[in-house]
Amino acid sequence: MLKLFSITGTAENSFNTVFQLYCDKKTGKIEKAESMLFIPDYLNFLLTGEKRQEYTFASTTGMLDAKNRNWSAELIQKLGYPEKLFSELSQPGEKVGRFKDDVKAYIGFDAEVILTASHDTASAVIAVPANDSPLYISSGTWSLFGIEASEPELTPEALSTGFSNEGGIYRTIRLLRNIMGLWMIQSIKRENKGKYNYQELMLMAMESNYDGIYDADDQRLLAPKSMMAAISECLVEKGYPAPNGVADTVRAAYRSLAASYAKAADNVERMTGNKYDTIYIVGGGSKDEFLNKLTAEFSGRSVITGVTEATAIGNLAVQLISDGQVAGLREARNLIANSFDIKKI
């Protein structure tokens with residue numbers, strides 16, 4: 001795995017495209033393919049008839065050379081994948097083309113399609129309301145924690161601490177860690193058949209005095225039959241008493257997430273040699289006031305929140321830059337910072 005990471009800089013996930021294609025190779029499916037499009041690329045193809053492979057999305061496949069920001073010829077050749085499937089990568093802001101005639105006829109107008117940062121986290125990071133490589137969390141079902149870097153981090157420490165190097169706008173690197181996120185709270189809500197809404201769950205957690213913390217990235221939490229039972233099991237293994245009901249369980253989930261954020265922040269500082277005194281939180285999870293407060297307490301850093309629809313706003317920012325209405329990324333982020341309700345904790 002270290003050899004693969006030293007090339008791609010991508011954290012190992014069973015769903016990475018590099019492994020999916022190997023299954024297609026073993027079954028013979030790959031031999032029938034003439035080209036390869038990821039879902040955003042395919043949607044652009046349906047609109048315009050143009051085939052593109054966009055950089056930020058391709059960077060999550062586990063098949064890019066993180067240093068040169070292009071497909072790894074060495075890896076593709078060793079795995080025996082057809083080279084025709086890997087075309088020149090396109091960048092956010094490039095013009096794909098105009099609507100096809102059948103699309104124009106169906107919707108009643110024509111438009112030009114602009115290539116955005118098609119990976120949702122890449123677009124969300126564009127909307128972080130700060131310049132100069134801030135420490136951020138794109139908070140939602142998953143928590144994507146990291147920085148925007150100019151060069152990849154391909155060290156054994158980056159691998160061992162779960163960090164990945166993914167593409168950003170202007171060929172930057174999103175050095176980030178994928179943390180379990182609010183999936184745990186969503187699962188607890190669903191398990192209780194919607195008896196409590198998210199605001200009620202948050203208030204219940206705030207009133208609880210339970211102080212247990214577990215590993216938020218424990219694999220047992222990915223798809224358990226009972227999230228509450230899985231969290232309880234993790235806590236008991238850590239030497240804590242079993243949580244007493246929903247309030248204790250939700251509080252433990254919040255505290256464990258905040259502890260994971262603090263640890264990830266410390267790891268970023270150690271790897272980069274830089275100090276970060278502020279964490280910017282964007283996305284739907286930025287509305288969770290208790291988690292934001294705990295993040296500040298556990299990390300010992302200021303927390304700035306806002307831009308709940310960060311992916312959509314980042315998408316829009318790329319289009320404005322491409323259209324010449326905004327001068328560049330710095331101006332776009334300044335515009336975003338002045339357009340939304342930004343709060344500091």
# chains A, B, ... in the order shown; residues from 1 in each chain; ligands from 1

call {"tool": "residues_around", "arguments": {"residues": "Asn16 (chain A)", "least_positions_apart": "6", "cutoff": "10 Å", "atoms": "only C-alpha atoms", "output": "compact mmCIF listing (two decimals) with N, CA, C and O atoms, in the first residue's frame"}}
result
# COMPACT_ATOMS: atom_id res chain seq x y z
N THR A 10 -3.45 8.67 -2.62
CA THR A 10 -4.87 8.46 -2.33
C THR A 10 -5.03 7.42 -1.23
O THR A 10 -4.46 6.34 -1.31
N THR A 60 -9.69 11.26 -7.26
CA THR A 60 -10.16 10.37 -6.19
C THR A 60 -10.18 8.90 -6.62
O THR A 60 -10.58 8.04 -5.85
N THR A 61 -9.75 8.62 -7.85
CA THR A 61 -9.86 7.25 -8.38
C THR A 61 -8.77 6.32 -7.88
O THR A 61 -8.89 5.11 -7.98
N GLY A 62 -7.65 6.90 -7.37
CA GLY A 62 -6.50 6.07 -7.01
C GLY A 62 -5.64 5.72 -8.20
O GLY A 62 -4.86 4.77 -8.13
N MET A 63 -5.73 6.50 -9.29
CA MET A 63 -4.96 6.20 -10.49
C MET A 63 -4.18 7.39 -11.03
O MET A 63 -3.58 7.30 -12.09

call {"tool": "closest_atom_pairs", "arguments": {"of": "region 42-75 of chain A", "to": "region 159-169 of chain A", "cutoff": "10 Å", "atoms": "only C-alpha atoms", "output": "tab-separated table"}}
result
residue	atom	partner	partner_atom	distance
A:Glu54	CA	A:Gly167	CA	9.8
A:Tyr55	CA	A:Gly167	CA	6.5
A:Thr56	CA	A:Gly167	CA	4.4
A:Phe57	CA	A:Gly167	CA	7.5
A:Ala58	CA	A:Gly167	CA	8.0
A:Ser59	CA	A:Glu166	CA	5.2
A:Thr60	CA	A:Glu166	CA	6.0
A:Thr61	CA	A:Glu166	CA	9.3
A:Gly62	CA	A:Glu166	CA	9.4
A:Leu64	CA	A:Glu166	CA	9.3
A:Ala66	CA	A:Asn165	CA	7.1
A:Lys67	CA	A:Asn165	CA	10.0
A:Arg69	CA	A:Gly167	CA	7.9

call {"tool": "closest_residue", "arguments": {"among": "A:Thr116, A:Leu21, A:Asp101, A:Ser6", "to": "Arg52 (chain A)", "atoms": "only C-alpha atoms"}}
result
A:Thr116

call {"tool": "select_by_dssp", "arguments": {"residues": "region 170-199 of chain A", "states": "helix (DSSP H, G or I)", "output": "number ranges by chain"}}
result
A: 170-171, 183-191, 198-199

call {"tool": "closest_atom_pairs", "arguments": {"of": "region 289-335 of chain A", "to": "region 253-264 of chain A", "cutoff": "9 Å", "atoms": "only C-alpha atoms", "output": "tab-separated table"}}
result
residue	atom	partner	partner_atom	distance
A:Phe290	CA	A:Tyr254	CA	7.9
A:Leu291	CA	A:Tyr254	CA	5.9
A:Asn292	CA	A:Ala258	CA	8.2
A:Lys293	CA	A:Ala258	CA	8.9
A:Leu294	CA	A:Ala258	CA	5.8
A:Thr295	CA	A:Ala258	CA	4.6
A:Ala296	CA	A:Ala258	CA	8.2
A:Glu297	CA	A:Ala258	CA	8.3
A:Phe298	CA	A:Ala262	CA	5.9
A:Ser299	CA	A:Ala262	CA	4.3
A:Gly300	CA	A:Ala262	CA	8.0
A:Arg301	CA	A:Ala262	CA	8.8

call {"tool": "write_last_selection", "arguments": {"atoms": "C-alpha atoms", "output": "compact mmCIF listing (two decimals), in the first residue's frame"}}
result
# COMPACT_ATOMS: atom_id res chain seq x y z
CA PHE A 290 -23.11 22.13 19.64
CA LEU A 291 -20.67 20.28 17.40
CA ASN A 292 -19.06 23.59 16.41
CA LYS A 293 -18.67 24.54 20.08
CA LEU A 294 -17.15 21.16 20.93
CA THR A 295 -14.80 21.43 17.95
CA ALA A 296 -13.47 24.72 19.31
CA GLU A 297 -13.11 23.29 22.82
CA PHE A 298 -11.40 20.04 21.84
CA SER A 299 -9.06 21.60 19.29
CA GLY A 300 -8.19 24.76 21.20
CA ARG A 301 -8.79 26.74 18.00

call {"tool": "residues_around", "arguments": {"residues": "region 333-336 of chain A", "least_positions_apart": "5", "cutoff": "8 Å", "atoms": "only C-alpha atoms", "output": "PDB file with all heavy atoms, in the first residue's frame"}}
result
ATOM      1  N   ILE A 126     -13.762  25.272  -2.494  1.00  0.00           N
ATOM      2  CA  ILE A 126     -13.701  26.553  -3.196  1.00  0.00           C
ATOM      3  C   ILE A 126     -14.498  27.613  -2.433  1.00  0.00           C
ATOM      4  O   ILE A 126     -14.137  28.795  -2.414  1.00  0.00           O
ATOM      5  CB  ILE A 126     -14.224  26.399  -4.632  1.00  0.00           C
ATOM      6  CG1 ILE A 126     -13.252  25.554  -5.463  1.00  0.00           C
ATOM      7  CG2 ILE A 126     -14.443  27.763  -5.298  1.00  0.00           C
ATOM      8  CD1 ILE A 126     -13.800  25.122  -6.802  1.00  0.00           C
ATOM      9  N   ALA A 127     -15.576  27.186  -1.767  1.00  0.00           N
ATOM     10  CA  ALA A 127     -16.458  28.120  -1.059  1.00  0.00           C
ATOM     11  C   ALA A 127     -16.023  28.411   0.371  1.00  0.00           C
ATOM     12  O   ALA A 127     -16.728  29.144   1.078  1.00  0.00           O
ATOM     13  CB  ALA A 127     -17.880  27.572  -1.065  1.00  0.00           C
ATOM     14  N   VAL A 128     -14.904  27.864   0.827  1.00  0.00           N
ATOM     15  CA  VAL A 128     -14.416  28.208   2.174  1.00  0.00           C
ATOM     16  C   VAL A 128     -14.076  29.702   2.178  1.00  0.00           C
ATOM     17  O   VAL A 128     -13.270  30.162   1.361  1.00  0.00           O
ATOM     18  CB  VAL A 128     -13.181  27.366   2.542  1.00  0.00           C
ATOM     19  CG1 VAL A 128     -12.587  27.841   3.873  1.00  0.00           C
ATOM     20  CG2 VAL A 128     -13.557  25.887   2.639  1.00  0.00           C
ATOM     21  N   PRO A 129     -14.686  30.478   3.073  1.00  0.00           N
ATOM     22  CA  PRO A 129     -14.556  31.941   3.001  1.00  0.00           C
ATOM     23  C   PRO A 129     -13.253  32.481   3.571  1.00  0.00           C
ATOM     24  O   PRO A 129     -13.238  33.338   4.454  1.00  0.00           O
ATOM     25  CB  PRO A 129     -15.759  32.429   3.816  1.00  0.00           C
ATOM     26  CG  PRO A 129     -15.949  31.356   4.842  1.00  0.00           C
ATOM     27  CD  PRO A 129     -15.596  30.065   4.148  1.00  0.00           C
ATOM     28  N   ALA A 130     -12.140  31.976   3.080  1.00  0.00           N
ATOM     29  CA  ALA A 130     -10.824  32.435   3.543  1.00  0.00           C
ATOM     30  C   ALA A 130      -9.788  32.075   2.505  1.00  0.00           C
ATOM     31  O   ALA A 130      -9.923  31.076   1.788  1.00  0.00           O
ATOM     32  CB  ALA A 130     -10.461  31.790   4.881  1.00  0.00           C
ATOM     33  N   ASN A 131      -8.745  32.871   2.423  1.00  0.00           N
ATOM     34  CA  ASN A 131      -7.651  32.603   1.503  1.00  0.00           C
ATOM     35  C   ASN A 131      -6.437  32.084   2.276  1.00  0.00           C
ATOM     36  O   ASN A 131      -6.465  31.920   3.487  1.00  0.00           O
ATOM     37  CB  ASN A 131      -7.304  33.877   0.728  1.00  0.00           C
ATOM     38  CG  ASN A 131      -8.403  34.238  -0.267  1.00  0.00           C
ATOM     39  OD1 ASN A 131      -8.608  33.544  -1.256  1.00  0.00           O
ATOM     40  ND2 ASN A 131      -9.131  35.323   0.000  1.00  0.00           N
TER      41      ASN A 131
END

call {"tool": "residues_around", "arguments": {"residues": "Ile39 (chain A)", "least_positions_apart": "3", "cutoff": "12 Å", "atoms": "only C-alpha atoms", "output": "JSON, numbers by chain"}}
result
{"A": [36, 42, 43, 44, 45, 46, 51, 52, 53, 54, 57, 58, 118, 119, 120]}

call {"tool": "select_by_dssp", "arguments": {"residues": "region 37-253 of chain A", "states": "strand (DSSP E or B)", "output": "PyMOL selection string"}}
result
chain A and resi 53-54+64-65+70-71+89-90+95-98+112-114+135-139+143-149+163-167+173-179

call {"tool": "closest_residue", "arguments": {"among": "A:Ile213, A:Ala11, A:Cys23, A:Val318", "to": "Glu331 (chain A)", "atoms": "only C-alpha atoms"}}
result
A:Val318

call {"tool": "closest_residue", "arguments": {"among": "A:Met184, A:Leu37, A:Asp277, A:Ala216", "to": "Tyr136 (chain A)", "atoms": "only C-alpha atoms"}}
result
A:Asp277

call {"tool": "closest_residue", "arguments": {"among": "A:Phe99, A:Glu289, A:Gly49, A:Asp41", "to": "Met202 (chain A)", "atoms": "only C-alpha atoms"}}
result
A:Glu289

call {"tool": "closest_residue", "arguments": {"among": "A:Met180, A:Ala111, A:Ile281, A:Ala205", "to": "Arg220 (chain A)", "atoms": "only C-alpha atoms"}}
result
A:Met180

call {"tool": "closest_residue", "arguments": {"among": "A:Val125, A:Leu329, A:Ala252, A:Ile185", "to": "Thr311 (chain A)", "atoms": "only C-alpha atoms"}}
result
A:Val125

call {"tool": "residues_around", "arguments": {"residues": "Ala242 (chain A)", "least_positions_apart": "4", "cutoff": "10 Å", "atoms": "only C-alpha atoms", "output": "PyMOL selection string"}}
result
chain A and resi 210+212+229+231-237+248-249
